[in-house]
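Structure data follow from work13.cif (mmCIF, C-alpha atoms):
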```cif
data_start
loop_
_atom_site.label_atom_id
_atom_site.label_comp_id
_atom_site.auth_asym_id
_atom_site.auth_seq_id
_atom_site.Cartn_x
_atom_site.Cartn_y
_atom_site.Cartn_z
CA MET A 1 52.68 54.04 -3.13
CA SER A 2 55.51 51.73 -2.17
CA LEU A 3 55.57 49.69 1.02
CA ASP A 4 58.22 52.06 2.35
CA THR A 5 56.04 55.12 1.77
CA LEU A 6 53.13 53.34 3.39
CA ARG A 7 55.31 52.53 6.38
CA ASP A 8 56.45 56.12 6.64
CA SER A 9 52.86 57.29 6.99
CA ILE A 10 52.60 55.42 10.30
CA PRO A 11 53.08 57.94 13.16
CA ASP A 12 55.99 57.76 15.52
CA TYR A 13 54.03 56.60 18.53
CA ALA A 14 53.36 53.39 16.59
CA ARG A 15 56.91 52.87 15.39
CA ASP A 16 56.89 49.23 16.50
CA LEU A 17 54.04 48.63 14.08
CA ARG A 18 55.91 50.54 11.38
CA LEU A 19 58.86 48.20 11.71
CA ASN A 20 56.68 45.11 11.97
CA LEU A 21 54.75 46.02 8.82
CA GLY A 22 58.02 46.29 6.95
CA SER A 23 59.09 42.83 7.99
CA VAL A 24 55.97 40.65 8.08
CA LEU A 25 55.11 41.31 4.45
CA THR A 26 58.43 40.03 3.14
CA PRO A 27 59.34 36.39 2.50
CA ALA A 28 62.17 36.65 5.04
CA GLY A 29 59.81 38.06 7.66
CA ALA A 30 57.06 35.55 6.93
CA PRO A 31 58.78 32.15 6.92
CA GLY A 32 56.75 29.26 5.52
CA LEU A 33 54.52 31.42 3.34
CA THR A 34 54.63 32.00 -0.41
CA GLU A 35 54.45 35.59 -1.68
CA GLN A 36 50.89 34.88 -2.78
CA GLN A 37 49.93 33.68 0.68
CA ILE A 38 51.57 36.71 2.29
CA TRP A 39 49.63 39.17 0.15
CA GLY A 40 46.37 37.20 0.18
CA VAL A 41 46.45 37.23 3.99
CA ALA A 42 47.38 40.94 3.97
CA VAL A 43 44.49 41.92 1.69
CA ALA A 44 41.88 39.89 3.59
CA SER A 45 43.16 41.14 6.96
CA ALA A 46 43.02 44.74 5.75
CA ILE A 47 39.41 44.30 4.59
CA ALA A 48 38.49 42.68 7.89
CA SER A 49 40.09 45.64 9.69
CA ARG A 50 37.67 48.04 7.97
CA ASN A 51 39.95 50.80 6.84
CA THR A 52 39.06 51.67 3.25
CA GLU A 53 42.08 53.78 2.41
CA PHE A 54 44.56 51.34 3.95
CA THR A 55 42.85 48.44 2.18
CA ARG A 56 43.19 50.32 -1.09
CA GLN A 57 46.92 50.77 -0.48
CA ILE A 58 47.48 47.15 0.52
CA GLU A 59 45.51 45.96 -2.52
CA ALA A 60 47.60 48.19 -4.80
CA LEU A 61 50.78 46.64 -3.40
CA ALA A 62 49.27 43.14 -3.59
CA THR A 63 48.51 43.36 -7.32
CA VAL A 64 52.23 43.02 -7.98
CA HIS A 65 52.13 39.53 -6.43
CA LEU A 66 48.54 38.36 -7.02
CA ASP A 67 46.52 37.74 -10.16
CA ASP A 68 42.85 38.72 -10.22
CA THR A 69 41.69 35.23 -9.24
CA TYR A 70 43.82 35.13 -6.13
CA LEU A 71 42.99 38.70 -5.19
CA ASN A 72 39.29 37.99 -5.53
CA ALA A 73 39.56 34.79 -3.51
CA SER A 74 41.28 36.77 -0.74
CA ARG A 75 38.46 39.32 -0.75
CA ALA A 76 35.97 36.46 -0.80
CA ALA A 77 37.56 34.91 2.29
CA ALA A 78 37.25 38.23 4.13
CA ALA A 79 33.64 38.51 2.98
CA ILE A 80 32.47 35.05 3.94
CA MET A 81 34.36 34.96 7.23
CA GLY A 82 32.79 38.30 8.11
CA MET A 83 29.56 36.31 8.27
CA ASN A 84 30.81 32.97 9.58
CA ASN A 85 32.89 34.45 12.40
CA VAL A 86 29.79 36.12 13.79
CA TYR A 87 27.44 33.20 13.29
CA TYR A 88 29.74 30.48 14.57
CA ARG A 89 31.03 32.65 17.38
CA PHE A 90 27.44 32.84 18.55
CA LEU A 91 27.19 29.04 18.41
CA HIS A 92 30.43 28.61 20.29
CA LEU A 93 29.66 31.19 22.95
CA VAL A 94 26.13 30.08 23.65
CA GLU A 95 27.23 26.45 24.05
CA ASP A 96 23.80 25.06 23.44
CA ALA A 97 23.64 21.80 21.51
CA GLU A 98 20.22 22.65 20.12
CA TYR A 99 21.52 25.65 18.19
CA SER A 100 24.47 23.63 16.90
CA SER A 101 22.11 21.04 15.48
CA MET A 102 20.05 23.67 13.65
CA PRO A 103 21.22 24.11 10.03
CA ALA A 104 22.73 27.57 9.52
CA ARG A 105 20.78 28.06 6.27
CA LEU A 106 23.43 30.50 5.13
CA ARG A 107 25.12 30.20 1.78
CA MET A 108 28.88 29.69 2.03
CA ASN A 109 29.45 27.88 -1.23
CA ILE A 110 32.63 29.84 -1.94
CA ILE A 111 34.40 27.71 0.70
CA GLY A 112 33.72 24.59 -1.37
CA ASN A 113 35.04 26.18 -4.53
CA PRO A 114 37.22 29.21 -3.75
CA GLY A 115 39.08 29.31 -7.09
CA ILE A 116 42.48 28.99 -5.38
CA ALA A 117 44.12 26.13 -3.45
CA LYS A 118 41.91 25.21 -0.49
CA ILE A 119 44.85 25.42 1.87
CA ASP A 120 45.50 29.00 0.82
CA PHE A 121 41.85 29.87 1.33
CA GLU A 122 41.96 28.21 4.75
CA LEU A 123 45.05 30.13 5.74
CA ILE A 124 43.46 33.43 4.73
CA SER A 125 40.25 32.44 6.55
CA LEU A 126 42.26 31.73 9.67
CA ALA A 127 43.86 35.19 9.50
CA VAL A 128 40.44 36.82 9.09
CA SER A 129 39.05 34.78 11.99
CA ALA A 130 41.92 36.04 14.14
CA VAL A 131 41.11 39.63 13.22
CA ASN A 132 37.38 39.12 13.79
CA GLY A 133 38.05 37.41 17.09
CA CYS A 134 36.18 34.15 16.80
CA GLY A 135 38.08 31.83 19.14
CA MET A 136 36.63 28.52 18.07
CA CYS A 137 36.85 29.49 14.39
CA VAL A 138 40.56 30.09 14.90
CA VAL A 139 40.89 26.72 16.62
CA ALA A 140 39.00 24.94 13.85
CA HIS A 141 40.87 26.54 10.94
CA GLU A 142 44.21 25.95 12.61
CA LYS A 143 43.28 22.30 13.11
CA THR A 144 42.37 21.91 9.45
CA LEU A 145 45.62 23.51 8.32
CA ARG A 146 47.71 21.35 10.63
CA LYS A 147 45.86 18.30 9.36
CA HIS A 148 46.96 19.25 5.86
CA GLU A 149 50.52 19.49 7.09
CA VAL A 150 50.88 23.26 7.00
CA SER A 151 53.69 24.08 9.40
CA ARG A 152 53.22 25.99 12.65
CA GLU A 153 55.77 28.45 11.35
CA ALA A 154 53.63 29.23 8.30
CA ILE A 155 50.47 29.56 10.38
CA GLN A 156 52.25 31.83 12.81
CA SER A 157 53.49 33.99 9.92
CA ALA A 158 49.92 34.41 8.68
CA VAL A 159 48.71 35.46 12.12
CA ARG A 160 51.63 37.86 12.54
CA ILE A 161 50.54 39.54 9.30
CA ALA A 162 46.89 39.64 10.45
CA ALA A 163 47.85 41.14 13.79
CA THR A 164 50.11 43.81 12.29
CA ILE A 165 47.69 44.75 9.51
CA HIS A 166 44.85 45.04 12.02
CA ALA A 167 46.84 47.32 14.30
CA VAL A 168 48.13 49.52 11.48
CA ALA A 169 44.64 49.86 10.01
CA GLY A 170 43.42 51.20 13.35
CA VAL A 171 46.34 53.58 13.80
CA LEU A 172 46.01 55.05 10.31
CA GLU A 173 42.28 55.44 10.78
CA GLN A 174 42.86 57.52 13.91
CA ALA A 175 45.96 59.38 12.71
CA PRO A 176 44.06 62.49 11.47
CA ALA A 177 42.34 62.86 14.87
CA VAL A 178 45.65 62.56 16.69
CA ALA A 179 47.28 65.07 14.33
CA SER A 180 44.54 67.64 14.87
CA VAL A 181 44.78 67.32 18.68
CA GLN A 182 48.55 67.75 18.46
CA SER A 183 48.33 70.83 16.27
CA ALA A 184 45.67 72.37 18.54
CA ALA A 185 47.96 71.86 21.52
CA ALA A 186 50.91 73.42 19.74
CA MET B 187 7.13 9.39 -11.87
CA LEU B 188 10.86 9.89 -11.74
CA GLY B 189 11.82 10.88 -8.21
CA ILE B 190 14.55 12.15 -5.96
CA GLY B 191 18.01 10.66 -6.38
CA GLN B 192 17.41 9.37 -9.88
CA LYS B 193 19.32 10.37 -12.98
CA PHE B 194 17.43 12.95 -15.02
CA PRO B 195 16.84 11.44 -18.52
CA ALA B 196 18.89 12.48 -21.55
CA TYR B 197 17.13 14.71 -24.08
CA SER B 198 17.71 16.82 -27.13
CA LEU B 199 15.01 19.42 -27.64
CA THR B 200 14.56 22.51 -29.76
CA GLY B 201 14.21 25.62 -27.67
CA VAL B 202 12.99 29.12 -28.47
CA VAL B 203 15.35 31.85 -27.30
CA SER B 204 14.36 34.92 -29.33
CA ASN B 205 11.45 36.64 -31.06
CA ASP B 206 13.51 37.02 -34.21
CA LEU B 207 12.71 33.98 -36.36
CA ASN B 208 16.26 33.90 -37.76
CA LYS B 209 17.80 33.23 -34.38
CA ALA B 210 14.80 31.90 -32.52
CA PHE B 211 15.71 28.23 -32.36
CA GLN B 212 18.51 26.42 -30.60
CA THR B 213 18.98 22.79 -29.59
CA PHE B 214 19.44 22.00 -25.91
CA ASP B 215 20.45 18.71 -24.35
CA GLN B 216 21.41 17.43 -20.91
CA ASP B 217 24.97 18.76 -21.41
CA SER B 218 24.09 22.27 -22.57
CA SER B 219 24.88 23.88 -19.24
CA PRO B 220 27.90 22.01 -17.85
CA GLY B 221 28.62 22.48 -14.17
CA LYS B 222 25.30 24.22 -13.59
CA TRP B 223 22.16 23.25 -11.76
CA ARG B 224 19.10 22.93 -13.99
CA VAL B 225 15.57 23.91 -13.18
CA LEU B 226 13.07 22.49 -15.69
CA PHE B 227 9.44 23.35 -15.33
CA PHE B 228 6.63 21.99 -17.48
CA TRP B 229 3.23 23.38 -18.36
CA PRO B 230 0.32 21.70 -20.13
CA LYS B 231 -0.38 23.88 -23.17
CA ASP B 232 0.79 27.13 -24.73
CA PHE B 233 -1.80 29.89 -25.15
CA THR B 234 -3.70 28.88 -22.02
CA PHE B 235 -4.53 31.06 -19.08
CA VAL B 236 -2.50 30.10 -15.99
CA CYS B 237 0.72 29.55 -17.89
CA PRO B 238 1.95 32.96 -19.04
CA THR B 239 1.66 34.44 -15.56
CA GLU B 240 3.60 31.58 -14.11
CA ILE B 241 6.23 31.55 -16.86
CA ALA B 242 6.67 35.30 -16.57
CA ALA B 243 7.07 34.87 -12.80
CA PHE B 244 9.94 32.45 -13.41
CA GLY B 245 11.33 34.93 -15.97
CA LYS B 246 11.37 37.69 -13.36
CA LEU B 247 13.46 35.50 -11.09
CA ASP B 248 15.89 34.44 -13.83
CA LYS B 249 18.65 36.57 -12.28
CA GLU B 250 18.09 34.89 -8.94
CA PHE B 251 18.48 31.48 -10.55
CA LYS B 252 21.58 32.57 -12.50
CA ALA B 253 23.12 33.92 -9.30
CA ARG B 254 22.71 30.43 -7.88
CA ASP B 255 24.47 28.83 -10.86
CA ALA B 256 21.19 27.44 -12.13
CA GLN B 257 19.81 27.48 -15.67
CA LEU B 258 16.05 27.66 -16.14
CA PHE B 259 14.18 25.82 -18.89
CA GLY B 260 10.46 25.96 -19.59
CA VAL B 261 8.99 22.92 -21.37
CA SER B 262 5.69 21.86 -22.94
CA ILE B 263 4.68 19.38 -25.65
CA ASP B 264 3.86 22.23 -28.03
CA SER B 265 6.06 22.65 -31.10
CA GLU B 266 8.84 25.24 -31.19
CA PHE B 267 6.77 27.24 -33.69
CA VAL B 268 3.85 27.42 -31.28
CA HIS B 269 6.27 28.49 -28.52
CA HIS B 270 7.64 31.15 -30.83
CA ALA B 271 4.20 32.43 -31.82
CA TRP B 272 3.13 32.54 -28.17
CA ARG B 273 6.28 34.34 -27.13
CA ARG B 274 5.75 37.00 -29.78
CA GLU B 275 2.03 37.24 -29.13
CA LYS B 276 2.07 37.60 -25.37
CA GLU B 277 3.61 40.72 -23.93
CA GLU B 278 4.66 39.03 -20.71
CA LEU B 279 6.66 36.45 -22.67
CA ARG B 280 8.31 38.72 -25.21
CA ASN B 281 11.50 39.21 -23.19
CA LEU B 282 11.61 35.80 -21.59
CA PRO B 283 15.24 35.29 -20.50
CA PHE B 284 15.29 31.47 -20.60
CA PRO B 285 14.62 28.93 -23.38
CA MET B 286 11.18 27.41 -23.96
CA LEU B 287 11.80 23.81 -24.98
CA SER B 288 9.55 21.78 -27.24
CA ASP B 289 9.02 18.16 -26.19
CA ILE B 290 6.82 17.56 -29.21
CA LYS B 291 7.55 13.83 -29.29
CA ARG B 292 6.61 13.64 -25.60
CA GLU B 293 9.73 11.57 -24.99
CA LEU B 294 11.08 13.57 -22.03
CA THR B 295 7.62 14.01 -20.55
CA THR B 296 7.04 10.25 -20.84
CA ALA B 297 10.48 9.35 -19.44
CA LEU B 298 9.73 11.55 -16.43
CA GLY B 299 6.28 10.00 -16.00
CA ILE B 300 4.49 13.33 -16.09
CA LEU B 301 2.45 12.85 -19.30
CA ASP B 302 -1.11 13.27 -18.11
CA PRO B 303 -3.00 10.12 -19.19
CA GLU B 304 -6.29 11.98 -19.65
CA ALA B 305 -5.13 15.21 -21.24
CA GLY B 306 -2.11 13.82 -23.13
CA VAL B 307 -0.01 16.83 -22.15
CA ALA B 308 2.71 17.52 -19.59
CA GLN B 309 1.60 17.94 -16.02
CA ARG B 310 2.62 21.08 -14.17
CA ALA B 311 5.88 19.61 -12.89
CA THR B 312 9.08 21.31 -11.73
CA TYR B 313 12.44 19.58 -11.40
CA ILE B 314 15.67 20.72 -9.83
CA VAL B 315 18.60 18.76 -11.26
CA ASP B 316 22.06 19.09 -9.73
CA PRO B 317 25.28 19.53 -11.77
CA GLN B 318 25.74 15.74 -11.71
CA GLY B 319 22.38 15.26 -13.44
CA ILE B 320 20.59 13.90 -10.38
CA VAL B 321 17.00 14.87 -9.59
CA ARG B 322 17.01 16.70 -6.23
CA PHE B 323 13.49 18.13 -6.14
CA VAL B 324 10.14 17.35 -7.79
CA TYR B 325 7.09 19.53 -7.52
CA VAL B 326 3.87 18.70 -9.35
CA THR B 327 0.57 20.51 -9.08
CA ASP B 328 -2.83 19.85 -10.59
CA LEU B 329 -3.15 21.00 -14.20
CA ASN B 330 -5.18 24.02 -13.08
CA VAL B 331 -2.99 25.14 -10.20
CA GLY B 332 -0.16 27.59 -10.67
CA ARG B 333 3.07 27.23 -8.73
CA SER B 334 5.39 29.44 -6.80
CA PRO B 335 8.83 30.14 -8.32
CA GLU B 336 9.87 31.56 -4.93
CA GLU B 337 9.39 28.12 -3.44
CA VAL B 338 11.75 26.70 -6.07
CA ILE B 339 14.38 29.32 -5.13
CA ARG B 340 13.94 28.48 -1.47
CA VAL B 341 14.53 24.79 -2.16
CA LEU B 342 17.50 25.52 -4.42
CA ASP B 343 19.05 27.59 -1.63
CA ALA B 344 18.50 24.79 0.83
CA LEU B 345 20.01 22.23 -1.55
CA GLN B 346 23.05 24.37 -2.20
CA THR B 347 23.63 25.39 1.38
CA ASP B 348 26.18 23.22 3.01
CA GLU B 349 28.03 24.20 6.17
CA LEU B 350 31.45 23.72 4.72
CA CYS B 351 33.27 25.98 7.12
CA PRO B 352 35.56 24.40 9.69
CA CYS B 353 34.07 27.03 12.06
CA ASN B 354 31.21 24.59 12.28
CA TRP B 355 33.58 22.37 14.17
CA GLN B 356 32.03 21.09 17.39
CA LYS B 357 33.94 20.42 20.56
CA GLY B 358 35.22 16.87 20.62
CA GLU B 359 34.58 16.33 16.95
CA ASP B 360 37.61 14.68 15.47
CA THR B 361 36.87 14.71 11.78
CA LEU B 362 36.03 18.02 10.22
CA LYS B 363 33.44 18.20 7.49
CA ALA B 364 35.67 20.28 5.26
CA ALA B 365 38.74 18.14 5.78
#
```

This entry written out as structure tokens:
Amino acid sequence: MSLDTLRDSIPDYARDLRLNLGSVLTPAGAPGLTEQQIWGVAVASAIASRNTEFTRQIEALATVHLDDTYLNASRAAAAIMGMNNVYYRFLHLVEDAEYSSMPARLRMNIIGNPGIAKIDFELISLAVSAVNGCGMCVVAHEKTLRKHEVSREAIQSAVRIAATIHAVAGVLEQAPAVASVQSAAA
Amino acid sequence: MLGIGQKFPAYSLTGVVSNDLNKAFQTFDQDSSPGKWRVLFFWPKDFTFVCPTEIAAFGKLDKEFKARDAQLFGVSIDSEFVHHAWRREKEELRNLPFPMLSDIKRELTTALGILDPEAGVAQRATYIVDPQGIVRFVYVTDLNVGRSPEEVIRVLDALQTDELCPCNWQKGEDTLKAA
């Protein structure tokens, strides 16, 4: 399935998302990002958005731009942040210094050795954190990226992808329900 | 006894890796598993009672160790031929997934300071060595006391678990751990 076909499967009531999806996944629509970064962020955001079929489609499109190592690192970022976003969000929300001083005792070794450039892994982790809604995680990853001189434009592009992918994943998940209500009404 | 933070000594020992005599023996040294953690555990004598249970228990957890990028080695001062005979003889050891090393010259055992002065054999010691060759954990029990491989896994997990995620960033903290 091409990106265009995928776009066309988005129902009319979400036509803004349809148009956004078409633009944010292109180099022109995602200034500051490499093609690899665009598709790594897309894959991880799709996984974080929990729509199996849509993830499969995004992954199929991503294989044109990503080798297995990069693809796996993107999946790994979605996997590990699925844990960290929950754990650290708890720490941030509870605002209790005692908990913060307790070691997490959770393995997250992939972050130390992700197999791709650390900046890329960070960028993908930021996108996943945005999808998973951990405020302080977003703040912390953004800070790290800025420290490594990643531009605001690039960071914004990554978050635009995350936001669009998340919304489309939800719409496509619900599309069959909407279609059946519409046909019942007709 | 060699302790935490010290360089694990160099060695070159013959290990038993198979029941088939033609491919049973292989030499292992400190560089045989580059980039990996090493877990070396010693027992006093082959063909004694506590040992096979304990060795088999490590064998059962081999996958757990491999999943943590760690290579297991069992060591005693018995010769490689005794190791081989024991491995073939004892059902629990027949499919042992890690090498049994022979420190027949007692050099490694002596360098580590775990050669029992009375019995003249290795004490029941366990070492976790990090990929840089540094001793990170030592565990020695009395010659007659078995040990818990689960405890070794627990320690390995703790040693390998580092909160590398910038999410661990605390309010007001300027330098990030992962930066």

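Shortest atom-to-atom contact with His148 (chain A) among A:Met108, A:Ala28, A:Leu123, A:Val94: A:Leu123, counting only C-alpha atoms.
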
### Message
Need the shell around Glu173 (chain A): protein/DNA/RNA residues with any atom at most 12 Å away, counting all atoms listed in the file. Skip same-chain ones fewer than 3 positions apart. Format as a ChimeraX atom specification?
### Response
/A:9-11,46,49-55,166-170,176-179

### Summary
Here CA of Glu59 (chain A) and CA of Arg152 (chain A) stand apart by 26.2 Å

### Task
Up to 7 Å from chain A, what residues of chain B turn up? Count only C-alpha atoms and give them as a PyMOL selection string.
chain B and resi 344+347+349-355+365

### Query
Which value, in Å to one decimal, gives the distance between CA of Leu298 (chain B) and CA of Leu188 (chain B)?
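A separation of 5.1 Å between them.
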
Write out as an mmCIF file with C-alpha atoms, in the coordinates of the input each polymer residue whose atoms come within 7 Å of region 219-234 of chain B, counting only C-alpha atoms; drop sequence neighbours fewer than 2 positions from it.
```
data_model
loop_
_atom_site.group_PDB
_atom_site.id
_atom_site.type_symbol
_atom_site.label_atom_id
_atom_site.label_comp_id
_atom_site.auth_asym_id
_atom_site.auth_seq_id
_atom_site.Cartn_x
_atom_site.Cartn_y
_atom_site.Cartn_z
ATOM 1 C CA ASP B 217 24.970 18.760 -21.410
ATOM 2 C CA VAL B 236 -2.500 30.100 -15.990
ATOM 3 C CA CYS B 237 0.720 29.550 -17.890
ATOM 4 C CA ASP B 255 24.470 28.830 -10.860
ATOM 5 C CA ALA B 256 21.190 27.440 -12.130
ATOM 6 C CA GLN B 257 19.810 27.480 -15.670
ATOM 7 C CA LEU B 258 16.050 27.660 -16.140
ATOM 8 C CA PHE B 259 14.180 25.820 -18.890
ATOM 9 C CA GLY B 260 10.460 25.960 -19.590
ATOM 10 C CA VAL B 261 8.990 22.920 -21.370
ATOM 11 C CA SER B 262 5.690 21.860 -22.940
ATOM 12 C CA ASP B 264 3.860 22.230 -28.030
ATOM 13 C CA HIS B 269 6.270 28.490 -28.520
ATOM 14 C CA TRP B 272 3.130 32.540 -28.170
ATOM 15 C CA VAL B 307 -0.010 16.830 -22.150
ATOM 16 C CA ALA B 308 2.710 17.520 -19.590
ATOM 17 C CA GLN B 309 1.600 17.940 -16.020
ATOM 18 C CA ARG B 310 2.620 21.080 -14.170
ATOM 19 C CA ALA B 311 5.880 19.610 -12.890
ATOM 20 C CA THR B 312 9.080 21.310 -11.730
ATOM 21 C CA TYR B 313 12.440 19.580 -11.400
ATOM 22 C CA ILE B 314 15.670 20.720 -9.830
ATOM 23 C CA VAL B 315 18.600 18.760 -11.260
ATOM 24 C CA ASP B 316 22.060 19.090 -9.730
ATOM 25 C CA PRO B 317 25.280 19.530 -11.770
ATOM 26 C CA LEU B 329 -3.150 21.000 -14.200
#
```

## Note on the structure
As a check of understanding: the span from CA of Gly306 (chain B) to CA of Asp328 (chain B) is 13.9 Å

### Task
Starting from the shown file, work through the PyMOL selection byres ((chain A and resi 62-74) around 7) and note down what comes out as a PyMOL selection string.
chain A and resi 35-36+39-40+43-44+58-61+75-78+114-116+124

### Message
Need to verify the contact set: Pro335 (chain B), 9 Å, all atoms listed in the file, exclusion of same-chain residues closer than 6 positions in sequence. Can you return it as a PyMOL selection string?
### Response
chain B and resi 240+243-244+247

As lines of an AutoDock Vina configuration file, please: the centre and edge lengths in Å, to one decimal, of an axis-aligned box enclosing every listed atom of region 62-69 of chain A with 8 Å added on each side.
```
center_x = 47.0
center_y = 39.3
center_z = -6.9
size_x = 26.5
size_y = 24.1
size_z = 22.6
```

Give as a compact mmCIF listing (two decimals) with C-alpha atoms, in the coordinates of the input the set of residues within 12 Å of the point (53.1, 38.0, 11.2), where distances use the file's coordinates and only C-alpha atoms.
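This is the output file result24.txt:
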```
# COMPACT_ATOMS: atom_id res chain seq x y z
CA LEU A 17 54.04 48.63 14.08
CA LEU A 19 58.86 48.20 11.71
CA ASN A 20 56.68 45.11 11.97
CA LEU A 21 54.75 46.02 8.82
CA GLY A 22 58.02 46.29 6.95
CA SER A 23 59.09 42.83 7.99
CA VAL A 24 55.97 40.65 8.08
CA LEU A 25 55.11 41.31 4.45
CA THR A 26 58.43 40.03 3.14
CA PRO A 27 59.34 36.39 2.50
CA ALA A 28 62.17 36.65 5.04
CA GLY A 29 59.81 38.06 7.66
CA ALA A 30 57.06 35.55 6.93
CA PRO A 31 58.78 32.15 6.92
CA GLY A 32 56.75 29.26 5.52
CA LEU A 33 54.52 31.42 3.34
CA GLN A 37 49.93 33.68 0.68
CA ILE A 38 51.57 36.71 2.29
CA TRP A 39 49.63 39.17 0.15
CA VAL A 41 46.45 37.23 3.99
CA ALA A 42 47.38 40.94 3.97
CA SER A 45 43.16 41.14 6.96
CA ALA A 127 43.86 35.19 9.50
CA ALA A 130 41.92 36.04 14.14
CA GLU A 153 55.77 28.45 11.35
CA ALA A 154 53.63 29.23 8.30
CA ILE A 155 50.47 29.56 10.38
CA GLN A 156 52.25 31.83 12.81
CA SER A 157 53.49 33.99 9.92
CA ALA A 158 49.92 34.41 8.68
CA VAL A 159 48.71 35.46 12.12
CA ARG A 160 51.63 37.86 12.54
CA ILE A 161 50.54 39.54 9.30
CA ALA A 162 46.89 39.64 10.45
CA ALA A 163 47.85 41.14 13.79
CA THR A 164 50.11 43.81 12.29
CA ILE A 165 47.69 44.75 9.51
CA HIS A 166 44.85 45.04 12.02
CA ALA A 167 46.84 47.32 14.30
```

### Task
Using all atoms listed in the file, pick whichever of B:Ser218, B:Thr213, B:Thr296, B:Ser334 has the shortest atom-to-atom distance to Met187 (chain B).
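When distances to Met187 (chain B) are compared using all atoms listed in the file, the smallest one comes from B:Thr296.
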
Taking a cut-off of 12 Å and counting all atoms listed in the file, can you build a table that, for each residue of region 247-330 of chain B near region 205-208 of chain B, reports the nearest atom pair and how far apart they are in Å (one decimal), sorted by chain then residue number, as JSON lines?
```
{"residue": "B:Glu266", "atom": "CA", "partner": "B:Leu207", "partner_atom": "CA", "distance": 10.9}
{"residue": "B:Phe267", "atom": "CA", "partner": "B:Leu207", "partner_atom": "CA", "distance": 9.4}
{"residue": "B:Val268", "atom": "CA", "partner": "B:Asn205", "partner_atom": "CA", "distance": 12.0}
{"residue": "B:His269", "atom": "CA", "partner": "B:Asn205", "partner_atom": "CA", "distance": 10.0}
{"residue": "B:His270", "atom": "CA", "partner": "B:Asn205", "partner_atom": "CA", "distance": 6.7}
{"residue": "B:Ala271", "atom": "CA", "partner": "B:Asn205", "partner_atom": "CA", "distance": 8.4}
{"residue": "B:Trp272", "atom": "CA", "partner": "B:Asn205", "partner_atom": "CA", "distance": 9.7}
{"residue": "B:Arg273", "atom": "CA", "partner": "B:Asn205", "partner_atom": "CA", "distance": 6.9}
{"residue": "B:Arg274", "atom": "CA", "partner": "B:Asn205", "partner_atom": "CA", "distance": 5.9}
{"residue": "B:Glu275", "atom": "CA", "partner": "B:Asn205", "partner_atom": "CA", "distance": 9.6}
{"residue": "B:Lys276", "atom": "CA", "partner": "B:Asn205", "partner_atom": "CA", "distance": 11.0}
{"residue": "B:Glu277", "atom": "CA", "partner": "B:Asn205", "partner_atom": "CA", "distance": 11.4}
{"residue": "B:Leu279", "atom": "CA", "partner": "B:Asn205", "partner_atom": "CA", "distance": 9.7}
{"residue": "B:Arg280", "atom": "CA", "partner": "B:Asn205", "partner_atom": "CA", "distance": 7.0}
{"residue": "B:Asn281", "atom": "CA", "partner": "B:Asn205", "partner_atom": "CA", "distance": 8.3}
{"residue": "B:Leu282", "atom": "CA", "partner": "B:Asn205", "partner_atom": "CA", "distance": 9.5}
{"residue": "B:Pro283", "atom": "CA", "partner": "B:Asn205", "partner_atom": "CA", "distance": 11.3}
{"residue": "B:Pro285", "atom": "CA", "partner": "B:Asn205", "partner_atom": "CA", "distance": 11.3}
{"residue": "B:Met286", "atom": "CA", "partner": "B:Asn205", "partner_atom": "CA", "distance": 11.6}
```

### Task
Write out as a PyMOL selection string the residues lying within 12 Å of Ala297 (chain B), counting only C-alpha atoms and excluding same-chain residues fewer than 6 positions away.
chain B and resi 187-189+192-197+289+291+308
